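As C-alpha cells, the structure follows; a few thoughts come after it.
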Amino acid sequence: MSTFDFLLQGLAVASDPMILLYALIGVTLGTAVGVLPGIGPALTVALLLPVTYGLDPAGSLIMFAGIYYGGMYGGSTTSILLNTPGESASIVTALEGNKMARAGRGGPALATAAIGSFVAGLIATLALAFLAPYVVKLALVFGPREYFALMMLAFVTVSAAFGDSAMKGLTSLFIGLALALVGIDQLTGQARLSFGVPELLDGVEVTTLAVALFAIGEALFVASQGQRAEDGIIAIKGSVWMTRADWARSWKPWLRGTVIGFPIGAMPAGGAEIGTLLSYAAEKRLTKHPEEFGHGAIEGVAGPEAANNASAAGTLVPLLTLGLPTSATAAILLAGFQQFGLQPGPLLFATSPQLVWGLIASLLIANVMLLVLNLPLIRLWVSLLMIPRPWLYAGILLFATLGTIGMNPSPVELSMLLVFGILGFLMRLYGYPIAPAVVGLILGPMAEQQLRRALAISQGDWSTLVSTPVAAGILLAATLALVVPWIMRLRGKGAVLAQLAADED
Amino acid sequence: MKHTLLGAVFAAAVALPAFANDYTIMAPAAPGGGWDSTARAMQEVMQAEGIAGSVQVQNVPGAGGTVGLAQFASTAAGDPAQLIVGGYVMVGAILTNASPVSLADVTPIARLTGEAVGIAVSADSPITDINGLVEMMKADPGSVSWAGGSAGGVDHITVGLLAKAAGVDPTKINYVAFSGGGEALAAILGNQVTVGISGVGEFLPQVEAGTMRMLAVSTAEKWPGTDAPTLMESGYDVNVQNWRMVAAAPGLSDEQKAAVAADVDKLANSAGWKAMLETKGWANTYLAGAEFDTQLAKEIETTTAILKDIGLVQ
C-alpha cells in the first residue's frame, strides 16, 4: 500500500465514534492537567499514561495523542494569561501573549495560539507522514559543529531584537549566560559555581528563572507601585474573537513558524525552544507593526506557538524513523509503544505500519479535537483576568510557587524562585529587558557543549567549525545577520532599527 | 473496554487521595528515564499483584540521582513505606559529585534489573572488531572519540576500564558526553564520532536494521539478542553491568527491613513482574540480601578506583 492509503486507512479507524470519544477525553484531560502550573507536556503524559493501559492499541494511541496535544496547549494558556510558562518552549509565547492579554486582547491571543497550533500541527503531521525519511537524513547531518553554528545564528538573530539599548540588553544576556554556568559541567562531570549545594548541581531550571523573572518580578513591581498605578489590566477590549486584521496578521507567522519549527524539532539536539526563539526573531524582523512588539504583537504569539507545535511533530521524526527519543515526551511515548510489545526503531515503519499510521492519523484527529474543545473555552479563560488586581497577582504568585514546587519539591528551588523574582523586580525597575537573560540561560549551555564536543572530536582543531558546508553556511548567515544591520545603521537607516528594537519586556 | 477506561479514570481521580499509601517510590530522575520507568513498572506490578494497595511515584530529578538520594535520606528516615530506585549510575554520581549522602545512608534492598553496556559503530565505519578499535586507541588515544552518556557514568567508566585493561592511559581517552540516548545515537549514526557506547538495548534495534555494528558487550557472558563477543572473551579484563536497584529508608528496624525485603521478593518473583521485564526488554538480575550487599561494596570499590584513574575523582 502507498503512504496515502495507509493514512486513509488510519483515518478510517480513527473516525469510529468510540475512538473519537477517546480523543475527546484525551484532549480534555491533557488540557486540564496541562493548565496546572509546573506540569509540562512530559509530566502530563507520564501521569496520564496509565489511563490508556486498559485500551486496545487504536484507542490507546488516540487518547495518547490527545493528551500530548492537550498538554501542550494547556501550557500556552497559562503563559498567555498568567505569564507563568510551564515549559521552556512556551516562554516566548508569554512575551507578547501576556502583553496582549493585559491589554484586553487575551481572546485573540488564545485564539491565534490555538489556530496556529492547529495549522502547524496539521502541516507538520502531514510532513511527518510524507517527508520523515528525508528530514531524518538532514537531521543526521547535524553534528556538534553544525549545532554550534545554529546556536550562533540564534544568538545573533535573537540579540538583534534586544534593541537599541545594547548595553542593557547585553547586561541581561550575560546575567543569563552566567547563570547558565552553574551546575555539573556535562563534558567533564565537574561541578561549577554550585558552592556545595546539591540542588545547584543540575544548574538553574529555565522555567524557574522564567517564572521568577516574568511572574514574580512583575507581581512585586505592581505591588511596589501601590495604589498610584492605574490598573494596567483590561480583561476584554473589543471582540473575544480574532478580527479580520488579526487573521491577516496571523496566517503568515503560522506558516513561517511551522517551517522553522518542524526541521529544528526533528534534529536530535534541536529542542522546541530554539524554534520558538528563531520564529520570534523572524516575526519581529518581518512585521509591519514593529512598534507593537513588546506591547502585545499578535505575530509574536502566532509564530512561536506554531513553531512549538510543529517541532512537537518534528520530534516524532527521529522517534519513528530511527527509534531515537529526543525529548522527555518522546521517551514516554516510547514507553507507550512498548506496552504493545514493539520497539520503535529503524524498522518500525516497515514492521508495524498500522500502528505508525494509526498514530499519525490520531495526531490529526486530536489536533481537530483540540480546536473544537478550546475555541469555545476562550471566553471562560479570558474572564480569569476580570478578577480584581490584588487577587489576580496573589493568584499568580501562588500558582508560580505551586508550579515550582510541583516540578521540583525542594526549599532551594523555592529560594531561587524568590531571589530571581527580586532580580526580576530590580531589572524591571531600572528598565533592563528580561527576555535576554532567559535566552542566555537556554542557549548558553547548548552553545558551550556543542562547541566543546566539536573541539573534542577534532582534537582541538578550530577549523572543524567551518569544515562542512552546512556549518560554514549557517555561520556565514549568522555573520551577515550581525554585519548587515550595522552597515545599514552606518548608512543612516538607524531610525528603522531603533523602531525594530522596541522595548523588550 | 469502556468500563476499563472509566474505571481507570475513576480510580485515578478518586483512589489517590482516598486511601493511605502502602508505598511511595521515589524516582530520583525526571519522568521518562530508566529510573522513572523502573519505579512506574514497580508501581504497576505491586498494585496489580496485590503486594501493595496503593503505590505512588515521586520524581525528584537532579545530579545523577544524588539530589533525590539526599532528600530521601533526610525525609524518609525511619519510614518503612518509602522506597527509592537507583542504580550503578548513582554509584558514579555520588563519587564525582562528592555527594555528602551515599548509598550507605539508605538501606539497599535488592538489585532488580541489569543491562550490558554495548560498544558499537555505524555500519559504514571501517572498524570491524573490538581489537581493531583498541589498536587505534593504543596508537593515538585521542583519535578515537567515544559518544556516550553523562561524564562519570557507566559508559564513561567502561571506556576507562577498557583503556586500562588494554594498557592505554585512561586519562587520555577522548570521551564525548551526551545527554540522553537520542543525541548520542544520532552522532554515531551520522559518523560524527568514531564509536558509541551505551546500553545494549539502545543499539539492538539499530543492529537489527543493519545501520550499526556491535563490537562487544561489557558483561561476563554474551548478551541475549546479539552474538557480539564479551570484552573478557576478547582479552580485556572488563566486566560491567548497568544495574538498577531498590532501597528502603535509613533507620529501619530489622523487622521493618525484613518486611520490605519480603515485599520486594514477592514483586521480583511475581508473574506480573516477569511479564513486565519481557515487555520492557529488561534482564532479570535479581539479587538480594547479603549477596547484594557484598556485590555493591565491591562495585563501589572498583568504581572509585577507575574514576580516580580517569581523573574525575581526586
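Letters A, B, ... go to the chains of the C-alpha cells in the order shown; residues in each chain start at 1; ligands are counted from 1 in the same order.
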What are the closest atom pairs, with distances in Å to one decimal, for all residues of segment 31-150 of chain A lying within 12 Å of segment 260-272 of chain A? Consider only C-alpha atoms, order rows by chain and residue number, and present the result as CSV.
residue,atom,partner,partner_atom,distance
A:Met72,CA,A:Ala272,CA,11.4
A:Glu87,CA,A:Ala272,CA,10.0
A:Ser88,CA,A:Ala272,CA,8.1
A:Ala89,CA,A:Ala272,CA,5.5
A:Ser90,CA,A:Ala272,CA,9.0
A:Ile91,CA,A:Ala272,CA,10.8
A:Val92,CA,A:Ala272,CA,10.8
A:Ser117,CA,A:Gly261,CA,11.3
A:Ala120,CA,A:Phe262,CA,8.7
A:Gly121,CA,A:Phe262,CA,9.5
A:Leu122,CA,A:Phe262,CA,11.4
A:Ile123,CA,A:Phe262,CA,9.3
A:Ala124,CA,A:Phe262,CA,6.3
A:Thr125,CA,A:Phe262,CA,9.3
A:Leu126,CA,A:Phe262,CA,11.0
A:Ala127,CA,A:Phe262,CA,8.5
A:Leu128,CA,A:Phe262,CA,8.9
A:Leu131,CA,A:Pro263,CA,10.5
A:Ala132,CA,A:Ala266,CA,8.9
A:Pro133,CA,A:Ala266,CA,11.0
A:Tyr134,CA,A:Pro263,CA,10.6
A:Val135,CA,A:Pro263,CA,7.0
A:Val136,CA,A:Ala266,CA,7.0
A:Lys137,CA,A:Met267,CA,9.8
A:Leu138,CA,A:Met267,CA,8.1
A:Ala139,CA,A:Met267,CA,4.8
A:Leu140,CA,A:Met267,CA,7.6
A:Val141,CA,A:Met267,CA,9.3
A:Phe142,CA,A:Met267,CA,7.4
A:Gly143,CA,A:Ala269,CA,9.0
A:Pro144,CA,A:Ala269,CA,9.1
A:Arg145,CA,A:Ala269,CA,11.9
A:Glu146,CA,A:Ala269,CA,10.6
A:Tyr147,CA,A:Ala269,CA,7.6
A:Phe148,CA,A:Ala269,CA,10.6
A:Leu150,CA,A:Gly270,CA,9.1
Keeping only N, CA and C atoms, write the selected residues as an mmCIF file, in the first residue's frame.
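Heads up, here's the output in part-v4.cif:
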data_model
loop_
_atom_site.group_PDB
_atom_site.id
_atom_site.type_symbol
_atom_site.label_atom_id
_atom_site.label_comp_id
_atom_site.auth_asym_id
_atom_site.auth_seq_id
_atom_site.Cartn_x
_atom_site.Cartn_y
_atom_site.Cartn_z
ATOM 1 N N MET A 72 0.209 20.329 25.648
ATOM 2 C CA MET A 72 0.977 21.426 25.066
ATOM 3 C C MET A 72 0.148 22.696 25.023
ATOM 4 N N GLU A 87 6.831 25.437 30.613
ATOM 5 C CA GLU A 87 7.946 24.731 29.998
ATOM 6 C C GLU A 87 8.681 25.721 29.122
ATOM 7 N N SER A 88 9.933 25.383 28.781
ATOM 8 C CA SER A 88 10.755 26.394 28.129
ATOM 9 C C SER A 88 10.209 26.791 26.762
ATOM 10 N N ALA A 89 9.473 25.876 26.094
ATOM 11 C CA ALA A 89 9.003 26.205 24.757
ATOM 12 C C ALA A 89 7.894 27.254 24.766
ATOM 13 N N SER A 90 7.235 27.467 25.909
ATOM 14 C CA SER A 90 6.177 28.489 25.879
ATOM 15 C C SER A 90 6.620 29.810 26.516
ATOM 16 N N ILE A 91 7.913 29.935 26.801
ATOM 17 C CA ILE A 91 8.412 31.195 27.355
ATOM 18 C C ILE A 91 8.213 32.337 26.361
ATOM 19 N N VAL A 92 8.531 32.062 25.102
ATOM 20 C CA VAL A 92 8.421 33.108 24.090
ATOM 21 C C VAL A 92 6.969 33.528 23.903
ATOM 22 N N SER A 117 -1.529 26.604 16.455
ATOM 23 C CA SER A 117 -1.109 25.261 16.828
ATOM 24 C C SER A 117 -1.765 24.238 15.918
ATOM 25 N N ALA A 120 -0.192 24.502 12.368
ATOM 26 C CA ALA A 120 1.159 23.955 12.387
ATOM 27 C C ALA A 120 1.117 22.451 12.624
ATOM 28 N N GLY A 121 0.242 22.033 13.539
ATOM 29 C CA GLY A 121 0.141 20.613 13.834
ATOM 30 C C GLY A 121 -0.298 19.841 12.607
ATOM 31 N N LEU A 122 -1.240 20.411 11.875
ATOM 32 C CA LEU A 122 -1.759 19.758 10.675
ATOM 33 C C LEU A 122 -0.668 19.611 9.616
ATOM 34 N N ILE A 123 -0.021 20.744 9.321
ATOM 35 C CA ILE A 123 1.004 20.711 8.268
ATOM 36 C C ILE A 123 2.167 19.817 8.693
ATOM 37 N N ALA A 124 2.585 19.965 9.962
ATOM 38 C CA ALA A 124 3.759 19.218 10.408
ATOM 39 C C ALA A 124 3.460 17.724 10.479
ATOM 40 N N THR A 125 2.226 17.368 10.851
ATOM 41 C CA THR A 125 1.892 15.950 10.903
ATOM 42 C C THR A 125 1.874 15.350 9.501
ATOM 43 N N LEU A 126 1.368 16.127 8.543
ATOM 44 C CA LEU A 126 1.405 15.651 7.162
ATOM 45 C C LEU A 126 2.846 15.546 6.678
ATOM 46 N N ALA A 127 3.660 16.521 7.074
ATOM 47 C CA ALA A 127 5.076 16.481 6.695
ATOM 48 C C ALA A 127 5.730 15.248 7.307
ATOM 49 N N LEU A 128 5.334 14.947 8.549
ATOM 50 C CA LEU A 128 5.858 13.749 9.213
ATOM 51 C C LEU A 128 5.513 12.508 8.400
ATOM 52 N N LEU A 131 7.364 13.246 4.598
ATOM 53 C CA LEU A 131 8.761 13.673 4.428
ATOM 54 C C LEU A 131 9.726 13.060 5.425
ATOM 55 N N ALA A 132 9.197 12.318 6.432
ATOM 56 C CA ALA A 132 10.057 11.862 7.526
ATOM 57 C C ALA A 132 11.380 11.240 7.072
ATOM 58 N N PRO A 133 11.357 10.329 6.089
ATOM 59 C CA PRO A 133 12.630 9.693 5.708
ATOM 60 C C PRO A 133 13.667 10.680 5.167
ATOM 61 N N TYR A 134 13.190 11.792 4.563
ATOM 62 C CA TYR A 134 14.142 12.769 4.023
ATOM 63 C C TYR A 134 14.631 13.700 5.124
ATOM 64 N N VAL A 135 13.668 14.121 5.980
ATOM 65 C CA VAL A 135 14.034 15.055 7.040
ATOM 66 C C VAL A 135 15.063 14.423 7.966
ATOM 67 N N VAL A 136 14.925 13.126 8.197
ATOM 68 C CA VAL A 136 15.818 12.490 9.147
ATOM 69 C C VAL A 136 17.243 12.434 8.603
ATOM 70 N N LYS A 137 17.373 12.366 7.288
ATOM 71 C CA LYS A 137 18.726 12.399 6.700
ATOM 72 C C LYS A 137 19.383 13.738 7.006
ATOM 73 N N LEU A 138 18.563 14.796 6.874
ATOM 74 C CA LEU A 138 19.061 16.132 7.181
ATOM 75 C C LEU A 138 19.485 16.211 8.642
ATOM 76 N N ALA A 139 18.655 15.616 9.507
ATOM 77 C CA ALA A 139 18.932 15.698 10.944
ATOM 78 C C ALA A 139 20.259 15.026 11.277
ATOM 79 N N LEU A 140 20.569 13.939 10.591
ATOM 80 C CA LEU A 140 21.811 13.220 10.901
ATOM 81 C C LEU A 140 23.058 13.962 10.425
ATOM 82 N N VAL A 141 22.858 14.890 9.461
ATOM 83 C CA VAL A 141 23.989 15.680 9.001
ATOM 84 C C VAL A 141 24.461 16.607 10.121
ATOM 85 N N PHE A 142 23.542 16.914 11.038
ATOM 86 C CA PHE A 142 23.863 17.841 12.111
ATOM 87 C C PHE A 142 24.665 17.167 13.216
ATOM 88 N N GLY A 143 25.916 17.563 13.318
ATOM 89 C CA GLY A 143 26.746 17.120 14.428
ATOM 90 C C GLY A 143 27.050 18.321 15.298
ATOM 91 N N PRO A 144 27.925 18.155 16.289
ATOM 92 C CA PRO A 144 28.238 19.257 17.197
ATOM 93 C C PRO A 144 28.588 20.573 16.495
ATOM 94 N N ARG A 145 29.419 20.533 15.429
ATOM 95 C CA ARG A 145 29.804 21.824 14.829
ATOM 96 C C ARG A 145 28.618 22.516 14.179
ATOM 97 N N GLU A 146 27.710 21.729 13.566
ATOM 98 C CA GLU A 146 26.536 22.339 12.942
ATOM 99 C C GLU A 146 25.608 22.936 14.011
ATOM 100 N N TYR A 147 25.464 22.201 15.119
ATOM 101 C CA TYR A 147 24.624 22.735 16.195
ATOM 102 C C TYR A 147 25.222 24.020 16.744
ATOM 103 N N PHE A 148 26.553 24.040 16.873
ATOM 104 C CA PHE A 148 27.195 25.247 17.382
ATOM 105 C C PHE A 148 26.891 26.418 16.451
ATOM 106 N N LEU A 150 24.352 26.741 14.516
ATOM 107 C CA LEU A 150 22.930 27.080 14.676
ATOM 108 C C LEU A 150 22.717 27.947 15.920
#
May I have the residues within 7 Å of Ile25 of chain B as number ranges by chain, using only C-alpha atoms and disregarding those fewer than 6 positions away in the same chain? B: 39, 56-58, 82-84
I need the residues of segment 75-221 of chain A that end up classed as alpha helix (DSSP H) by DSSP on the backbone, written out as a ChimeraX atom specification. /A:75-82,91-102,106-141,144-160,166-180,206-211,217-221
Residues from last step as file, C-alpha atoms, as an mmCIF file, in the first residue's frame:
data_model
loop_
_atom_site.group_PDB
_atom_site.id
_atom_site.type_symbol
_atom_site.label_atom_id
_atom_site.label_comp_id
_atom_site.auth_asym_id
_atom_site.auth_seq_id
_atom_site.Cartn_x
_atom_site.Cartn_y
_atom_site.Cartn_z
ATOM 1 C CA GLY A 75 0.780 25.219 28.826
ATOM 2 C CA SER A 76 0.300 28.089 26.379
ATOM 3 C CA THR A 77 -2.895 29.158 28.103
ATOM 4 C CA THR A 78 -1.161 29.843 31.421
ATOM 5 C CA SER A 79 1.728 31.574 29.624
ATOM 6 C CA ILE A 80 -0.596 33.971 27.911
ATOM 7 C CA LEU A 81 -2.991 34.675 30.741
ATOM 8 C CA LEU A 82 -0.789 34.487 33.819
ATOM 9 C CA ILE A 91 8.412 31.195 27.355
ATOM 10 C CA VAL A 92 8.421 33.108 24.090
ATOM 11 C CA THR A 93 4.641 32.892 23.901
ATOM 12 C CA ALA A 94 4.461 34.666 27.243
ATOM 13 C CA LEU A 95 6.461 37.634 25.900
ATOM 14 C CA GLU A 96 3.805 39.020 23.584
ATOM 15 C CA GLY A 97 0.890 36.859 24.645
ATOM 16 C CA ASN A 98 0.724 38.159 28.171
ATOM 17 C CA LYS A 99 1.029 41.755 26.946
ATOM 18 C CA MET A 100 -1.940 41.112 24.677
ATOM 19 C CA ALA A 101 -3.921 39.568 27.493
ATOM 20 C CA ARG A 102 -3.323 42.561 29.716
ATOM 21 C CA GLY A 106 -6.404 37.729 25.609
ATOM 22 C CA GLY A 107 -9.141 36.256 23.427
ATOM 23 C CA PRO A 108 -7.372 36.844 20.119
ATOM 24 C CA ALA A 109 -4.052 35.755 21.686
ATOM 25 C CA LEU A 110 -5.510 32.438 22.806
ATOM 26 C CA ALA A 111 -7.308 32.041 19.505
ATOM 27 C CA THR A 112 -4.237 32.680 17.397
ATOM 28 C CA ALA A 113 -2.307 30.264 19.613
ATOM 29 C CA ALA A 114 -4.974 27.595 19.220
ATOM 30 C CA ILE A 115 -5.492 28.048 15.496
ATOM 31 C CA GLY A 116 -1.756 28.464 14.910
ATOM 32 C CA SER A 117 -1.109 25.261 16.828
ATOM 33 C CA PHE A 118 -3.772 23.578 14.751
ATOM 34 C CA VAL A 119 -2.416 24.788 11.429
ATOM 35 C CA ALA A 120 1.159 23.955 12.387
ATOM 36 C CA GLY A 121 0.141 20.613 13.834
ATOM 37 C CA LEU A 122 -1.759 19.758 10.675
ATOM 38 C CA ILE A 123 1.004 20.711 8.268
ATOM 39 C CA ALA A 124 3.759 19.218 10.408
ATOM 40 C CA THR A 125 1.892 15.950 10.903
ATOM 41 C CA LEU A 126 1.405 15.651 7.162
ATOM 42 C CA ALA A 127 5.076 16.481 6.695
ATOM 43 C CA LEU A 128 5.858 13.749 9.213
ATOM 44 C CA ALA A 129 3.815 11.318 7.146
ATOM 45 C CA PHE A 130 5.325 12.169 3.790
ATOM 46 C CA LEU A 131 8.761 13.673 4.428
ATOM 47 C CA ALA A 132 10.057 11.862 7.526
ATOM 48 C CA PRO A 133 12.630 9.693 5.708
ATOM 49 C CA TYR A 134 14.142 12.769 4.023
ATOM 50 C CA VAL A 135 14.034 15.055 7.040
ATOM 51 C CA VAL A 136 15.818 12.490 9.147
ATOM 52 C CA LYS A 137 18.726 12.399 6.700
ATOM 53 C CA LEU A 138 19.061 16.132 7.181
ATOM 54 C CA ALA A 139 18.932 15.698 10.944
ATOM 55 C CA LEU A 140 21.811 13.220 10.901
ATOM 56 C CA VAL A 141 23.989 15.680 9.001
ATOM 57 C CA PRO A 144 28.238 19.257 17.197
ATOM 58 C CA ARG A 145 29.804 21.824 14.829
ATOM 59 C CA GLU A 146 26.536 22.339 12.942
ATOM 60 C CA TYR A 147 24.624 22.735 16.195
ATOM 61 C CA PHE A 148 27.195 25.247 17.382
ATOM 62 C CA ALA A 149 26.709 27.241 14.175
ATOM 63 C CA LEU A 150 22.930 27.080 14.676
ATOM 64 C CA MET A 151 23.302 28.395 18.244
ATOM 65 C CA MET A 152 25.411 31.289 16.945
ATOM 66 C CA LEU A 153 22.692 32.116 14.433
ATOM 67 C CA ALA A 154 20.122 32.021 17.216
ATOM 68 C CA PHE A 155 22.240 34.289 19.430
ATOM 69 C CA VAL A 156 22.744 36.846 16.686
ATOM 70 C CA THR A 157 19.154 36.963 15.449
ATOM 71 C CA VAL A 158 17.655 36.988 18.896
ATOM 72 C CA SER A 159 20.016 39.560 20.347
ATOM 73 C CA ALA A 160 19.486 41.830 17.346
ATOM 74 C CA ALA A 166 22.503 47.410 23.572
ATOM 75 C CA MET A 167 24.165 47.885 26.942
ATOM 76 C CA LYS A 168 21.073 46.898 28.903
ATOM 77 C CA GLY A 169 20.242 44.034 26.558
ATOM 78 C CA LEU A 170 23.745 42.619 26.769
ATOM 79 C CA THR A 171 23.851 43.011 30.553
ATOM 80 C CA SER A 172 20.690 40.978 30.794
ATOM 81 C CA LEU A 173 22.046 38.388 28.333
ATOM 82 C CA PHE A 174 25.213 37.991 30.387
ATOM 83 C CA ILE A 175 23.220 37.509 33.576
ATOM 84 C CA GLY A 176 21.608 34.570 31.791
ATOM 85 C CA LEU A 177 24.929 33.257 30.486
ATOM 86 C CA ALA A 178 26.475 33.476 33.958
ATOM 87 C CA LEU A 179 23.569 31.559 35.487
ATOM 88 C CA ALA A 180 23.985 29.005 32.711
ATOM 89 C CA VAL A 206 14.922 27.532 32.756
ATOM 90 C CA THR A 207 11.289 27.579 33.787
ATOM 91 C CA THR A 208 12.181 28.595 37.344
ATOM 92 C CA LEU A 209 14.136 31.575 36.042
ATOM 93 C CA ALA A 210 11.444 32.484 33.526
ATOM 94 C CA VAL A 211 8.572 32.262 36.012
ATOM 95 C CA GLY A 217 9.166 40.108 39.316
ATOM 96 C CA GLU A 218 6.082 41.640 37.861
ATOM 97 C CA ALA A 219 3.883 40.914 40.852
ATOM 98 C CA LEU A 220 6.461 42.628 43.077
ATOM 99 C CA PHE A 221 6.669 45.548 40.671
#
Contacts of Ala259 of chain B at 9 Å or less, counting only C-alpha atoms, minus same-chain residues fewer than 5 places along, as an MDAnalysis selection string? chainID B and resid 80 254 264
Please return as a ChimeraX atom specification: the residues of segment 145-252 of chain A that backbone DSSP assigns to strand (DSSP E). /A:183-184,191-192
Give me a file of those residues, with C-alpha atoms, as a compact mmCIF listing (two decimals), in the first residue's frame.
# COMPACT_ATOMS: atom_id res chain seq x y z
CA GLY A 183 25.92 23.12 37.79
CA ILE A 184 27.70 19.99 36.65
CA ALA A 191 30.63 20.93 39.42
CA ARG A 192 30.83 24.65 38.64
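Distance annotation: of A:Leu465, A:Val222, A:Val13, A:Val259, the residue with the minimal separation from Arg428 of chain A is A:Val222; atom set is only C-alpha atoms.
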Which residues come within 12 Å of Val101 of chain B, counting only C-alpha atoms, excluding same-chain residues fewer than 5 positions away, as a list in words?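 The filter keeps Pro198 of chain A; Gly65, Thr66, Val67, Gly68, Leu69, Ala70, Gln71, Phe72, Ala73, Ser74, Met90, Val91, Ala93, Ile94, Leu95, Val106 and Pro250 of chain B.
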Same residues, N, CA and C atoms, saved as a short mmCIF file (atom, residue, chain, number, x, y, z; two decimals), in the first residue's frame:
data_model
loop_
_atom_site.label_atom_id
_atom_site.label_comp_id
_atom_site.auth_asym_id
_atom_site.auth_seq_id
_atom_site.Cartn_x
_atom_site.Cartn_y
_atom_site.Cartn_z
N PRO A 198 23.74 20.74 46.78
CA PRO A 198 23.43 19.68 45.83
C PRO A 198 22.37 20.08 44.80
N GLY B 65 20.90 11.51 40.34
CA GLY B 65 20.13 10.87 41.40
C GLY B 65 20.56 11.30 42.80
N THR B 66 21.65 12.06 42.91
CA THR B 66 22.13 12.38 44.25
C THR B 66 21.24 13.40 44.97
N VAL B 67 20.57 14.26 44.21
CA VAL B 67 19.66 15.22 44.84
C VAL B 67 18.49 14.46 45.49
N GLY B 68 17.92 13.53 44.73
CA GLY B 68 16.82 12.72 45.26
C GLY B 68 17.29 11.88 46.43
N LEU B 69 18.48 11.31 46.31
CA LEU B 69 19.01 10.45 47.37
C LEU B 69 19.17 11.23 48.67
N ALA B 70 19.72 12.45 48.56
CA ALA B 70 19.93 13.27 49.76
C ALA B 70 18.59 13.59 50.41
N GLN B 71 17.62 13.94 49.57
CA GLN B 71 16.30 14.27 50.11
C GLN B 71 15.66 13.04 50.76
N PHE B 72 15.81 11.90 50.10
CA PHE B 72 15.24 10.66 50.61
C PHE B 72 15.85 10.31 51.97
N ALA B 73 17.17 10.39 52.06
CA ALA B 73 17.86 10.01 53.29
C ALA B 73 17.39 10.86 54.47
N SER B 74 17.10 12.16 54.20
CA SER B 74 16.71 13.00 55.33
C SER B 74 15.22 12.94 55.63
N MET B 90 24.23 5.94 39.89
CA MET B 90 24.23 6.68 41.14
C MET B 90 25.56 6.48 41.88
N VAL B 91 26.10 5.27 41.80
CA VAL B 91 27.38 4.99 42.45
C VAL B 91 28.45 5.95 41.93
N ALA B 93 27.87 8.83 40.31
CA ALA B 93 27.49 10.23 40.55
C ALA B 93 27.82 10.65 41.97
N ILE B 94 27.64 9.74 42.93
CA ILE B 94 27.95 10.06 44.33
C ILE B 94 29.43 10.43 44.45
N LEU B 95 30.27 9.69 43.73
CA LEU B 95 31.71 9.93 43.80
C LEU B 95 32.11 11.21 43.08
N VAL B 106 21.24 4.95 53.07
CA VAL B 106 19.92 4.35 52.89
C VAL B 106 20.07 2.85 53.11
N PRO B 250 16.59 4.87 55.58
CA PRO B 250 17.54 4.56 56.65
C PRO B 250 16.81 4.46 57.99
#
Residue with smallest distance to chain A - pool B:Asn131, B:Ser150, B:Gln47, B:Ser218, counting only C-alpha atoms: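 Residue with the minimum atom-to-atom distance to chain A: B:Ser150.
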Computed interatomic separation between atom CA of Ser60 of chain A and atom CA of Ala312 of chain A (Å): 19.1 Å
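The neighbours of segment 185-202 of chain B here are the residues that come within 8 Å of it, using only C-alpha atoms and leaving out any residue fewer than 5 positions away in the same chain; they are Leu140, Val141, Phe142, Gly143, Pro144, Pro268, Leu324 and Ile457 of chain A; Glu115, Ala116, Val117, Gly118, Ile119, Ala120, Val121, Ser122, Ser125, Val144, Ser145, Trp146, Ala147, Gly148, Gly149, Asp155, Thr211, Met212, Val217, Asn242 and Gly281 of chain B.
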With C-alpha atoms retained, write the just-selected residues as a tab-separated table (two decimals), in the first residue's frame.
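File produced: out_9.tsv:
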chain	number	residue	atom	x	y	z
A	140	LEU	CA	21.81	13.22	10.90
A	141	VAL	CA	23.99	15.68	9.00
A	142	PHE	CA	23.86	17.84	12.11
A	143	GLY	CA	26.75	17.12	14.43
A	144	PRO	CA	28.24	19.26	17.20
A	268	PRO	CA	18.13	15.34	17.88
A	324	LEU	CA	15.63	7.96	18.82
A	457	ILE	CA	36.15	15.28	18.30
B	115	GLU	CA	21.86	-4.42	31.22
B	116	ALA	CA	25.14	-4.90	29.43
B	117	VAL	CA	26.95	-1.89	28.05
B	118	GLY	CA	27.47	-2.25	24.30
B	119	ILE	CA	30.22	-0.84	22.11
B	120	ALA	CA	29.05	-0.18	18.56
B	121	VAL	CA	29.96	1.66	15.39
B	122	SER	CA	27.90	2.87	12.45
B	125	SER	CA	32.62	2.56	9.77
B	144	VAL	CA	39.14	7.60	18.99
B	145	SER	CA	36.16	9.75	20.01
B	146	TRP	CA	33.58	7.93	22.13
B	147	ALA	CA	29.97	9.09	22.22
B	148	GLY	CA	28.19	8.03	25.40
B	149	GLY	CA	26.09	9.12	28.34
B	155	ASP	CA	29.53	4.29	29.79
B	211	THR	CA	22.57	0.55	10.47
B	212	MET	CA	25.04	-0.25	13.23
B	217	VAL	CA	29.40	-6.22	25.24
B	242	ASN	CA	24.45	-1.28	34.42
B	281	GLY	CA	13.22	-5.74	27.42
Top pick for closest residue to Pro376 of chain A, considering A:Trp241, A:Phe4, A:Phe337, A:Tyr393 and counting only C-alpha atoms: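 Going through A:Trp241, A:Phe4, A:Phe337, A:Tyr393 one by one, the smallest distance to Pro376 of chain A is for A:Trp241.
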Residues within 8 Å of Gly71 of chain A, please, as a CSV table (one decimal) with N, CA and C atoms, in the first residue's frame. Count only C-alpha atoms; anything in the same chain fewer than 5 positions from it doesn't count.
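Output contents, as saved in out03.csv:
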chain,number,residue,atom,x,y,z
A,27,VAL,N,-7.9,14.8,25.0
A,27,VAL,CA,-7.7,16.2,24.9
A,27,VAL,C,-8.1,17.0,26.1
A,30,GLY,N,-5.7,16.2,29.0
A,30,GLY,CA,-4.4,16.8,28.7
A,30,GLY,C,-4.5,18.3,28.9
A,31,THR,N,-5.5,19.0,28.4
A,31,THR,CA,-5.6,20.4,28.6
A,31,THR,C,-5.8,20.7,30.1
A,32,ALA,N,-6.6,20.0,30.8
A,32,ALA,CA,-6.9,20.2,32.2
A,32,ALA,C,-5.6,20.1,33.0
A,33,VAL,N,-4.9,19.0,32.8
A,33,VAL,CA,-3.6,18.9,33.6
A,33,VAL,C,-2.6,19.8,33.1
A,34,GLY,N,-2.5,20.1,31.8
A,34,GLY,CA,-1.5,21.0,31.2
A,34,GLY,C,-1.7,22.4,31.8
A,35,VAL,N,-2.9,22.8,32.1
A,35,VAL,CA,-3.1,24.2,32.6
A,35,VAL,C,-2.5,24.3,34.0
A,40,GLY,N,4.4,20.4,32.7
A,40,GLY,CA,4.6,20.5,31.2
A,40,GLY,C,4.0,19.3,30.5
A,41,PRO,N,4.1,19.2,29.2
A,41,PRO,CA,3.6,18.1,28.5
A,41,PRO,C,4.2,16.7,28.9
A,44,THR,N,2.6,15.6,32.1
A,44,THR,CA,1.2,15.4,31.8
A,44,THR,C,1.1,14.0,31.2
A,45,VAL,N,1.9,13.7,30.2
A,45,VAL,CA,1.8,12.4,29.5
A,45,VAL,C,2.2,11.3,30.5
